[in-house]
Amino acid sequence: MVRALSLMFILFLSVGSHAFDVEAFKNGMSKQGGVYNDFTSQKEITILFTEGRVSESNKRLKALIPDSKKTIYDYFILGNMLFQSDFDASYKLMLEAEKKEPENPYVMFERGIHEHRLGNYSLALAYYEKFRESNIFNDNPIVSAYMTHAYLLTDQAEKAFSSWEEADFGRNHTSIEKAMYPIFSDQNQEKRRELLISEIKAGEKLKLCDLYQLDSEWEIDWWNYRPKKEYLKYDVDLASEILENDSLNEKYFSLCSSNENIDDQAYVERLREIGLFKKNARLPESSTLIYEVLKKLISSKSMKPAEFLERYEGQLVKFTKRHPADRKYFDVLAFLYANVGDQEKLKEIDRYGWKELKIEKYALSFLAGIEPQSAEFKTFLLEALKDFPLNASLNQYRLAIEVKNKEEALLKFVASQFANVKNNWSGPYRLNDYMASLRYELDRLEK
């Protein structure tokens with residue numbers, strides 16, 4: 001529910017006496033923060049989250065203090081708490097905090113983060129720079145890293161290098177890379193979970209598989225996942241409540257919820273018992289379960305992609321029509337078409353996934369089917385970059401073919417790495433390497 005305030009409290013460290021009364025703000029935050037901590041620690045609120053009622057919890061949270069009595073501390077704390085689960089509300093709350101204290105440096109920093117996440121880089125920089133001028137900046141590496149990224153995307157290379165030097169990536173690389181998550185992650189698991197539970201209770205019983213998988217691999221950040229045990233218990237109890245004993249749906253959910261405990265061969269044998277190998281067998285109408293079934297069949301060599309496609313293509317296509325926003329149905333078809341070499345159908349899926357579902361992977365796959373040296377490729381590449389300006393692969397393609405605006409392409413390519421630290425965390429190159437390469441390449445262009 002909350003975005004941790006740890007970054008804020010880091011900024012409180014090693015602060016002396018300045019024009020802005022840091023101690024007063026600290027004390028006010030601590031006092032009012034207790035009100036919200038007491039609220040979120042209530043058993044009733046924990047139950048709301050477990051039952052997938054985050055919207056109700058957030059509504060109560062926002063109404064805890066009437067608007068007429070909210071202070072700078074209320075708006076500031078709420079803006080932080082709702083950052084991940086309700087970004088629109090968080091944005092509006094931080095605007096109210098700014099109205100209360102327009103010169104408050106901590107509010108300036110938070111406003112910068114909000115604008116940065118929205119892609120308003122010039123405005124984000126204006127707020128970051130105000131924070132930097134406040135004398136409580138204290139050479140914070142995360143702020144410097146954020147500013148570096150925003151400078152790169154506003155074509156201010158020298159300021160980017162200066163800011164990056166202040167960030168001192170060599171000594172602060174872990175905190176800097178982790179700080180990219182709240183800016184660039186669009187994950188909202190609580191909201192997705194609420195929607196799934198609502199759909200399940202409305203009759204879509206096989207969405208229990210989607211729910212169980214979500215709660216089994218709860219994303220903490222880009223590198224860490226862990227099961228939410230209290231959520232999983234709720235999922236099992238919900239399944240027990242709405243699924244008929246020994247029904248086909250119950251057997252399907254049993255597969256979903258015990259997937260980690262059985263090997264491939266045992267899993268396939270259970271599929272055989274359910275009747276999935278029989279003539280005219282019907283797939284379960286669950287994209288998550290179909291995805292897992294396909295993986296198990298292939299890894300156990302029980303069925304080849306071509307055979308699976310021959311048996312179930314018609315059903316899968318019907319599922320995509322009935323569930324046009326469920327990407328996993330399209331993922332399954334894309335995988336199958338790619339494996340059997342059906343480029344025309346793959347291209348159709350790629351276009352839909354890109355244009356309708358707004359998924360970067362599909363834009364990349366669509367481009368992969370076009371001759372890189374063609375005018376068509378450049379046209380679609382620029383189109384894809386408008387949709388996904390921070391995608392590292394797309395920016396790398398642009399860098400490879402760009403002639404006139406090489407410097408801009410270089411800046412944007414390196415900027416895209418900040419939004420993709422999840423991919424280069426353990427790779428051969430880190431952000432420092434990209435910044436050093438940028439310096440080298442820009443110097444070469446000037447010669």
# chains A, B, ... in the order shown; residues from 1 in each chain; ligands from 1

$ closest_atom_pairs --of "stretch 180-252 of chain A" --to "stretch 319-337 of chain A" --cutoff "12 Å" --atoms "only C-alpha atoms" --output "JSON lines"
{"residue": "A:Leu196", "atom": "CA", "partner": "A:Asp326", "partner_atom": "CA", "distance": 11.8}
{"residue": "A:Glu204", "atom": "CA", "partner": "A:His323", "partner_atom": "CA", "distance": 11.6}
{"residue": "A:Lys207", "atom": "CA", "partner": "A:Asp326", "partner_atom": "CA", "distance": 11.2}
{"residue": "A:Asp210", "atom": "CA", "partner": "A:Lys328", "partner_atom": "CA", "distance": 10.4}

$ select_by_dssp --residues "stretch 148-351 of chain A" --states "strand (DSSP E or B)" --output "number ranges by chain"
A: 218-219, 225-226

$ write_last_selection --atoms "N, CA, C and O atoms" --output "short mmCIF file (atom, residue, chain, number, x, y, z; two decimals), in the first residue's frame"
data_model
loop_
_atom_site.label_atom_id
_atom_site.label_comp_id
_atom_site.auth_asym_id
_atom_site.auth_seq_id
_atom_site.Cartn_x
_atom_site.Cartn_y
_atom_site.Cartn_z
N TRP A 218 5.07 -12.39 -5.65
CA TRP A 218 4.80 -10.97 -5.39
C TRP A 218 6.08 -10.15 -5.60
O TRP A 218 7.10 -10.42 -4.99
N GLU A 219 5.99 -9.18 -6.48
CA GLU A 219 7.18 -8.39 -6.83
C GLU A 219 7.50 -7.37 -5.74
O GLU A 219 6.68 -6.52 -5.40
N TYR A 225 11.33 -11.29 -5.58
CA TYR A 225 9.95 -11.74 -5.53
C TYR A 225 9.81 -12.68 -4.32
O TYR A 225 10.76 -13.37 -3.96
N ARG A 226 8.65 -12.68 -3.72
CA ARG A 226 8.41 -13.64 -2.63
C ARG A 226 6.92 -13.91 -2.52
O ARG A 226 6.09 -13.07 -2.89
#

$ closest_residue --among "A:Ser216, A:Pro141, A:Val403, A:Ala384" --to "A:Gly170" --atoms "only C-alpha atoms"
A:Pro141

$ atom_distance --atom1 "atom CA of A:Ser374" --atom2 "atom CA of A:Gln396"
16.4 Å

$ residues_around --residues "stretch 32-36 of chain A" --least-positions-apart "4" --cutoff "7 Å" --atoms "only C-alpha atoms" --output "PyMOL selection string"
chain A and resi 28+40+73-74+77

$ residues_around --residues "A:Gly119" --least-positions-apart "5" --cutoff "10 Å" --atoms "only C-alpha atoms" --output "list in words"
Ile113, His114, Ala124, Ala150, Leu153, Ile183, Phe184, Pro389 and Leu390 of chain A

$ closest_residue --among "A:Ser393, A:Asn188, A:Asn80, A:Asn140" --to "A:Asn172" --atoms "only C-alpha atoms"
A:Asn140

$ residues_around --residues "A:Glu348" --least-positions-apart "3" --cutoff "12 Å" --atoms "only C-alpha atoms" --output "ChimeraX atom specification"
/A:330,333-334,337-338,342-345,351-356,362-363,365-366,369

$ closest_residue --among "A:Arg111, A:Arg311, A:Arg192, A:Arg444" --to "A:Ala281" --atoms "only C-alpha atoms"
A:Arg311

$ closest_residue --among "A:Ile359, A:Leu78, A:Gln315, A:Lys201" --to "A:Asn37" --atoms "only C-alpha atoms"
A:Leu78

$ closest_atom_pairs --of "stretch 179-221 of chain A" --to "stretch 420-442 of chain A" --cutoff "10 Å" --atoms "only C-alpha atoms" --output "Markdown table"
| residue | atom | partner | partner_atom | distance |
| --- | --- | --- | --- | --- |
| A:Met180 | CA | A:Val421 | CA | 7.5 |
| A:Tyr181 | CA | A:Lys422 | CA | 8.6 |
| A:Phe184 | CA | A:Asn420 | CA | 8.3 |
| A:Ser185 | CA | A:Asn420 | CA | 9.8 |
| A:Asp221 | CA | A:Lys422 | CA | 9.0 |
